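Structure data follow from my_file27.pdb (PDB, C-alpha atoms):
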ATOM      1  CA  MET U 197       0.000   0.000   0.000  1.00  0.00           C
ATOM      2  CA  THR U 198       1.390   3.407  -0.940  1.00  0.00           C
ATOM      3  CA  VAL U 199       0.335   6.224   1.339  1.00  0.00           C
ATOM      4  CA  GLN U 200      -0.369   9.368  -0.682  1.00  0.00           C
ATOM      5  CA  LYS U 201      -0.659  11.736   2.286  1.00  0.00           C
ATOM      6  CA  LEU U 202       0.399  11.302   5.887  1.00  0.00           C
ATOM      7  CA  PHE U 203      -0.271  13.966   8.511  1.00  0.00           C
ATOM      8  CA  PHE U 204       0.984  14.287  12.063  1.00  0.00           C
ATOM      9  CA  GLY U 205      -1.422  16.863  13.455  1.00  0.00           C
ATOM     10  CA  ASP U 206      -1.824  19.401  10.635  1.00  0.00           C
ATOM     11  CA  THR U 207       1.713  18.838   9.305  1.00  0.00           C
ATOM     12  CA  GLU U 208       2.265  16.780   6.161  1.00  0.00           C
ATOM     13  CA  ILE U 209       4.948  14.165   6.764  1.00  0.00           C
ATOM     14  CA  PRO U 210       6.979  12.457   4.017  1.00  0.00           C
ATOM     15  CA  ALA U 211       5.297   9.289   2.786  1.00  0.00           C
ATOM     16  CA  PRO U 212       6.732   6.084   4.255  1.00  0.00           C
ATOM     17  CA  ALA U 213       8.653   3.684   2.020  1.00  0.00           C
ATOM     18  CA  ASP U 214       6.773   1.181  -0.132  1.00  0.00           C
ATOM     19  CA  GLY U 215       5.919  -1.641   2.231  1.00  0.00           C
ATOM     20  CA  GLY U 216       6.751   0.650   5.146  1.00  0.00           C
ATOM     21  CA  VAL U 217       3.256   0.761   6.655  1.00  0.00           C
ATOM     22  CA  LYS U 218       1.926  -2.077   8.782  1.00  0.00           C
ATOM     23  CA  PHE U 219      -1.173  -2.262  10.970  1.00  0.00           C
ATOM     24  CA  ARG U 220      -1.867  -4.378  14.017  1.00  0.00           C
ATOM     25  CA  ASN U 221      -5.192  -4.700  15.832  1.00  0.00           C
ATOM     26  CA  ASP U 222      -4.172  -5.105  19.465  1.00  0.00           C
ATOM     27  CA  LYS U 223      -6.788  -6.657  21.738  1.00  0.00           C
ATOM     28  CA  ILE U 224      -7.316  -5.218  25.217  1.00  0.00           C
ATOM     29  CA  TRP U 225      -8.509  -8.076  27.419  1.00  0.00           C
ATOM     30  CA  SER U 226     -10.564  -7.935  30.607  1.00  0.00           C
ATOM     31  CA  ASP U 227      -8.955  -8.459  34.011  1.00  0.00           C
ATOM     32  CA  ASN U 228     -10.495 -11.939  34.322  1.00  0.00           C
ATOM     33  CA  THR U 229      -8.626 -13.211  31.237  1.00  0.00           C
ATOM     34  CA  GLY U 230      -6.599 -16.354  31.598  1.00  0.00           C
ATOM     35  CA  ARG U 231      -6.765 -20.124  31.451  1.00  0.00           C
ATOM     36  CA  SER U 232      -9.391 -22.125  33.290  1.00  0.00           C
ATOM     37  CA  SER U 233      -8.523 -25.277  35.249  1.00  0.00           C
ATOM     38  CA  ASN U 234      -8.971 -27.333  32.046  1.00  0.00           C
ATOM     39  CA  CYS U 235      -6.729 -24.883  30.094  1.00  0.00           C
ATOM     40  CA  VAL U 236      -9.527 -23.240  28.096  1.00  0.00           C
ATOM     41  CA  MET U 237      -8.979 -19.527  27.443  1.00  0.00           C
ATOM     42  CA  VAL U 238     -11.539 -17.301  29.191  1.00  0.00           C
ATOM     43  CA  GLY U 239     -12.072 -13.557  29.287  1.00  0.00           C
ATOM     44  CA  ASP U 240     -13.576 -10.736  27.300  1.00  0.00           C
ATOM     45  CA  ILE U 241     -12.113  -8.356  24.756  1.00  0.00           C
ATOM     46  CA  LYS U 242     -12.775  -4.858  26.085  1.00  0.00           C
ATOM     47  CA  ALA U 243     -11.426  -2.931  23.092  1.00  0.00           C
ATOM     48  CA  ILE U 244      -9.289  -3.092  19.972  1.00  0.00           C
ATOM     49  CA  LYS U 245      -6.598  -0.468  19.470  1.00  0.00           C
ATOM     50  CA  LYS U 246      -4.397   0.064  16.445  1.00  0.00           C
ATOM     51  CA  THR U 247      -0.649  -0.049  16.280  1.00  0.00           C
ATOM     52  CA  VAL U 248       0.743   1.478  13.090  1.00  0.00           C
ATOM     53  CA  SER U 249       4.346   0.651  12.184  1.00  0.00           C
ATOM     54  CA  LEU U 250       5.972   3.190   9.863  1.00  0.00           C
ATOM     55  CA  GLN U 251       9.307   2.996   8.104  1.00  0.00           C
ATOM     56  CA  TRP U 252      11.066   5.550   5.917  1.00  0.00           C
ATOM     57  CA  PHE U 253      14.267   5.416   3.838  1.00  0.00           C
ATOM     58  CA  GLY U 254      16.453   8.146   2.343  1.00  0.00           C
ATOM     59  CA  LEU U 255      15.257  10.990   4.556  1.00  0.00           C
ATOM     60  CA  THR U 256      17.198  14.216   4.886  1.00  0.00           C
ATOM     61  CA  GLY U 257      18.226  15.510   8.270  1.00  0.00           C
ATOM     62  CA  GLU U 258      15.471  18.132   8.063  1.00  0.00           C
ATOM     63  CA  GLN U 259      12.835  15.462   7.414  1.00  0.00           C
ATOM     64  CA  VAL U 260      14.085  13.386  10.362  1.00  0.00           C
ATOM     65  CA  GLU U 261      13.962  16.498  12.544  1.00  0.00           C
ATOM     66  CA  LEU U 262      10.351  17.148  11.456  1.00  0.00           C
ATOM     67  CA  ILE U 263       9.280  13.571  12.267  1.00  0.00           C
ATOM     68  CA  ASN U 264      11.199  13.689  15.565  1.00  0.00           C
ATOM     69  CA  SER U 265       9.323  16.856  16.556  1.00  0.00           C
ATOM     70  CA  PHE U 266       6.277  14.584  16.889  1.00  0.00           C
ATOM     71  CA  ILE U 267       7.601  11.142  17.841  1.00  0.00           C
ATOM     72  CA  SER U 268      10.201  12.275  20.387  1.00  0.00           C
ATOM     73  CA  ASN U 269       8.623  15.313  22.007  1.00  0.00           C
ATOM     74  CA  VAL U 270       8.605  15.431  25.825  1.00  0.00           C
ATOM     75  CA  SER U 271       6.119  18.331  25.835  1.00  0.00           C
ATOM     76  CA  ARG U 272       3.640  16.543  23.558  1.00  0.00           C
ATOM     77  CA  PRO U 273       3.603  12.767  24.119  1.00  0.00           C
ATOM     78  CA  PHE U 274       0.280  12.300  22.267  1.00  0.00           C
ATOM     79  CA  PHE U 275      -0.565  13.563  18.783  1.00  0.00           C
ATOM     80  CA  SER U 276      -2.917  12.762  15.924  1.00  0.00           C
ATOM     81  CA  VAL U 277      -1.980  10.892  12.768  1.00  0.00           C
ATOM     82  CA  THR U 278      -4.188  10.988   9.670  1.00  0.00           C
ATOM     83  CA  MET U 279      -3.626   8.387   6.993  1.00  0.00           C
ATOM     84  CA  TYR U 280      -5.201   5.542   5.067  1.00  0.00           C
ATOM     85  CA  ASP U 281      -5.979   2.534   7.259  1.00  0.00           C
ATOM     86  CA  GLU U 282      -5.716  -1.122   6.269  1.00  0.00           C
ATOM     87  CA  ALA U 283      -9.109  -0.915   4.500  1.00  0.00           C
ATOM     88  CA  TYR U 284      -8.006   2.186   2.495  1.00  0.00           C
ATOM     89  CA  ASN U 285     -10.195   4.573   4.514  1.00  0.00           C
ATOM     90  CA  VAL U 286      -8.786   7.890   5.656  1.00  0.00           C
ATOM     91  CA  ARG U 287      -8.678   7.750   9.464  1.00  0.00           C
ATOM     92  CA  THR U 288      -7.334   9.898  12.249  1.00  0.00           C
ATOM     93  CA  PHE U 289      -5.839   8.144  15.270  1.00  0.00           C
ATOM     94  CA  ASN U 290      -4.689   9.729  18.538  1.00  0.00           C
ATOM     95  CA  VAL U 291      -1.364   8.038  19.223  1.00  0.00           C
ATOM     96  CA  TYR U 292       1.857   7.955  21.171  1.00  0.00           C
ATOM     97  CA  ALA U 293       5.134   6.867  19.606  1.00  0.00           C
ATOM     98  CA  GLY U 294       7.281   3.936  20.635  1.00  0.00           C
ATOM     99  CA  THR U 295      11.060   4.178  20.630  1.00  0.00           C
ATOM    100  CA  PRO U 296      12.261   5.075  17.112  1.00  0.00           C
ATOM    101  CA  THR U 297      15.187   3.358  15.415  1.00  0.00           C
ATOM    102  CA  TYR U 298      17.584   4.977  12.960  1.00  0.00           C
ATOM    103  CA  GLU U 299      20.319   3.889  10.585  1.00  0.00           C
ATOM    104  CA  VAL U 300      22.610   6.629   9.366  1.00  0.00           C
ATOM    105  CA  TRP U 301      23.497   6.002   5.741  1.00  0.00           C
ATOM    106  CA  GLY U 302      25.845   8.667   4.456  1.00  0.00           C
ATOM    107  CA  TRP U 303      26.357  12.279   3.464  1.00  0.00           C
ATOM    108  CA  ASP U 304      25.017  14.453   0.663  1.00  0.00           C
ATOM    109  CA  GLU U 305      26.032  18.107   0.213  1.00  0.00           C
ATOM    110  CA  ARG U 306      27.015  18.324   3.899  1.00  0.00           C
ATOM    111  CA  ARG U 307      23.621  17.026   5.030  1.00  0.00           C
ATOM    112  CA  GLN U 308      23.462  13.710   6.762  1.00  0.00           C
ATOM    113  CA  LEU U 309      21.018  11.316   5.150  1.00  0.00           C
ATOM    114  CA  CYS U 310      19.094   8.859   7.233  1.00  0.00           C
ATOM    115  CA  LYS U 311      19.008   5.454   5.580  1.00  0.00           C
ATOM    116  CA  GLY U 312      16.133   4.242   7.706  1.00  0.00           C
ATOM    117  CA  LEU U 313      13.792   5.501  10.396  1.00  0.00           C
ATOM    118  CA  ALA U 314      11.157   3.228  11.916  1.00  0.00           C
ATOM    119  CA  VAL U 315       8.629   3.807  14.678  1.00  0.00           C
ATOM    120  CA  ASP U 316       5.466   2.248  16.066  1.00  0.00           C
ATOM    121  CA  LEU U 317       2.516   4.558  16.688  1.00  0.00           C
ATOM    122  CA  VAL U 318       0.172   3.128  19.307  1.00  0.00           C
ATOM    123  CA  GLU U 319      -3.426   4.273  19.523  1.00  0.00           C
ATOM    124  CA  GLN U 320      -4.121   6.085  22.772  1.00  0.00           C
TER     125      GLN U 320
END

Once you've parsed the file, please lay out its structure as C-alpha coordinates.
Amino acid sequence: MTVQKLFFGDTEIPAPADGGVKFRNDKIWSDNTGRSSNCVMVGDIKAIKKTVSLQWFGLTGEQVELINSFISNVSRPFFSVTMYDEAYNVRTFNVYAGTPTYEVWGWDERRQLCKGLAVDLVEQ
(Lines of atoms letter the chains of each structure in order from A and count residues from 1; the text may use other names and numbers.)
(Lines give C-alpha, C1' and ligand atoms only; values in the text may rest on other atoms or scores of the structure.)
Protein backbone atom coordinates (compact mmCIF):
# COMPACT_ATOMS: atom_id res chain seq x y z
CA MET A 1 0.00 0.00 0.00
CA THR A 2 1.39 3.41 -0.94
CA VAL A 3 0.33 6.22 1.34
CA GLN A 4 -0.37 9.37 -0.68
CA LYS A 5 -0.66 11.74 2.29
CA LEU A 6 0.40 11.30 5.89
CA PHE A 7 -0.27 13.97 8.51
CA PHE A 8 0.98 14.29 12.06
CA GLY A 9 -1.42 16.86 13.46
CA ASP A 10 -1.82 19.40 10.64
CA THR A 11 1.71 18.84 9.30
CA GLU A 12 2.27 16.78 6.16
CA ILE A 13 4.95 14.17 6.76
CA PRO A 14 6.98 12.46 4.02
CA ALA A 15 5.30 9.29 2.79
CA PRO A 16 6.73 6.08 4.25
CA ALA A 17 8.65 3.68 2.02
CA ASP A 18 6.77 1.18 -0.13
CA GLY A 19 5.92 -1.64 2.23
CA GLY A 20 6.75 0.65 5.15
CA VAL A 21 3.26 0.76 6.66
CA LYS A 22 1.93 -2.08 8.78
CA PHE A 23 -1.17 -2.26 10.97
CA ARG A 24 -1.87 -4.38 14.02
CA ASN A 25 -5.19 -4.70 15.83
CA ASP A 26 -4.17 -5.11 19.47
CA LYS A 27 -6.79 -6.66 21.74
CA ILE A 28 -7.32 -5.22 25.22
CA TRP A 29 -8.51 -8.08 27.42
CA SER A 30 -10.56 -7.93 30.61
CA ASP A 31 -8.96 -8.46 34.01
CA ASN A 32 -10.50 -11.94 34.32
CA THR A 33 -8.63 -13.21 31.24
CA GLY A 34 -6.60 -16.35 31.60
CA ARG A 35 -6.77 -20.12 31.45
CA SER A 36 -9.39 -22.12 33.29
CA SER A 37 -8.52 -25.28 35.25
CA ASN A 38 -8.97 -27.33 32.05
CA CYS A 39 -6.73 -24.88 30.09
CA VAL A 40 -9.53 -23.24 28.10
CA MET A 41 -8.98 -19.53 27.44
CA VAL A 42 -11.54 -17.30 29.19
CA GLY A 43 -12.07 -13.56 29.29
CA ASP A 44 -13.58 -10.74 27.30
CA ILE A 45 -12.11 -8.36 24.76
CA LYS A 46 -12.77 -4.86 26.08
CA ALA A 47 -11.43 -2.93 23.09
CA ILE A 48 -9.29 -3.09 19.97
CA LYS A 49 -6.60 -0.47 19.47
CA LYS A 50 -4.40 0.06 16.45
CA THR A 51 -0.65 -0.05 16.28
CA VAL A 52 0.74 1.48 13.09
CA SER A 53 4.35 0.65 12.18
CA LEU A 54 5.97 3.19 9.86
CA GLN A 55 9.31 3.00 8.10
CA TRP A 56 11.07 5.55 5.92
CA PHE A 57 14.27 5.42 3.84
CA GLY A 58 16.45 8.15 2.34
CA LEU A 59 15.26 10.99 4.56
CA THR A 60 17.20 14.22 4.89
CA GLY A 61 18.23 15.51 8.27
CA GLU A 62 15.47 18.13 8.06
CA GLN A 63 12.84 15.46 7.41
CA VAL A 64 14.08 13.39 10.36
CA GLU A 65 13.96 16.50 12.54
CA LEU A 66 10.35 17.15 11.46
CA ILE A 67 9.28 13.57 12.27
CA ASN A 68 11.20 13.69 15.57
CA SER A 69 9.32 16.86 16.56
CA PHE A 70 6.28 14.58 16.89
CA ILE A 71 7.60 11.14 17.84
CA SER A 72 10.20 12.27 20.39
CA ASN A 73 8.62 15.31 22.01
CA VAL A 74 8.60 15.43 25.83
CA SER A 75 6.12 18.33 25.84
CA ARG A 76 3.64 16.54 23.56
CA PRO A 77 3.60 12.77 24.12
CA PHE A 78 0.28 12.30 22.27
CA PHE A 79 -0.56 13.56 18.78
CA SER A 80 -2.92 12.76 15.92
CA VAL A 81 -1.98 10.89 12.77
CA THR A 82 -4.19 10.99 9.67
CA MET A 83 -3.63 8.39 6.99
CA TYR A 84 -5.20 5.54 5.07
CA ASP A 85 -5.98 2.53 7.26
CA GLU A 86 -5.72 -1.12 6.27
CA ALA A 87 -9.11 -0.92 4.50
CA TYR A 88 -8.01 2.19 2.49
CA ASN A 89 -10.19 4.57 4.51
CA VAL A 90 -8.79 7.89 5.66
CA ARG A 91 -8.68 7.75 9.46
CA THR A 92 -7.33 9.90 12.25
CA PHE A 93 -5.84 8.14 15.27
CA ASN A 94 -4.69 9.73 18.54
CA VAL A 95 -1.36 8.04 19.22
CA TYR A 96 1.86 7.96 21.17
CA ALA A 97 5.13 6.87 19.61
CA GLY A 98 7.28 3.94 20.64
CA THR A 99 11.06 4.18 20.63
CA PRO A 100 12.26 5.08 17.11
CA THR A 101 15.19 3.36 15.42
CA TYR A 102 17.58 4.98 12.96
CA GLU A 103 20.32 3.89 10.58
CA VAL A 104 22.61 6.63 9.37
CA TRP A 105 23.50 6.00 5.74
CA GLY A 106 25.84 8.67 4.46
CA TRP A 107 26.36 12.28 3.46
CA ASP A 108 25.02 14.45 0.66
CA GLU A 109 26.03 18.11 0.21
CA ARG A 110 27.01 18.32 3.90
CA ARG A 111 23.62 17.03 5.03
CA GLN A 112 23.46 13.71 6.76
CA LEU A 113 21.02 11.32 5.15
CA CYS A 114 19.09 8.86 7.23
CA LYS A 115 19.01 5.45 5.58
CA GLY A 116 16.13 4.24 7.71
CA LEU A 117 13.79 5.50 10.40
CA ALA A 118 11.16 3.23 11.92
CA VAL A 119 8.63 3.81 14.68
CA ASP A 120 5.47 2.25 16.07
CA LEU A 121 2.52 4.56 16.69
CA VAL A 122 0.17 3.13 19.31
CA GLU A 123 -3.43 4.27 19.52
CA GLN A 124 -4.12 6.09 22.77

When the PyMOL selection byres ((chain U and resi 236-241) around 12) is applied to the structure above, which residues does it catch, written out as a ChimeraX atom specification? /U:221-235,242-245

Suppose a student applies the PyMOL selection byres ((chain U and resi 278) around 8) to this structure; what residues should they get, written as a PyMOL selection string? chain U and resi 202-205+276-277+279-280+286-289

Please evaluate the PyMOL selection byres ((chain U and resi 295) around 10) against the displayed coordinates and give the resulting residues as a PyMOL selection string. chain U and resi 267-268+292-294+296-297+314-317

Point-to-point distance from CA of Arg220 (chain U) to CA of Thr256 (chain U), Å rounded to tenths: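 Atom-to-atom, CA of Arg220 (chain U) and CA of Thr256 (chain U) are spaced 28.2 Å apart.
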
For Leu255 (chain U), which residue among U:Tyr298, U:Ser271, U:Lys311, U:Tyr284 is the nearest when counting all atoms listed in the file? U:Lys311
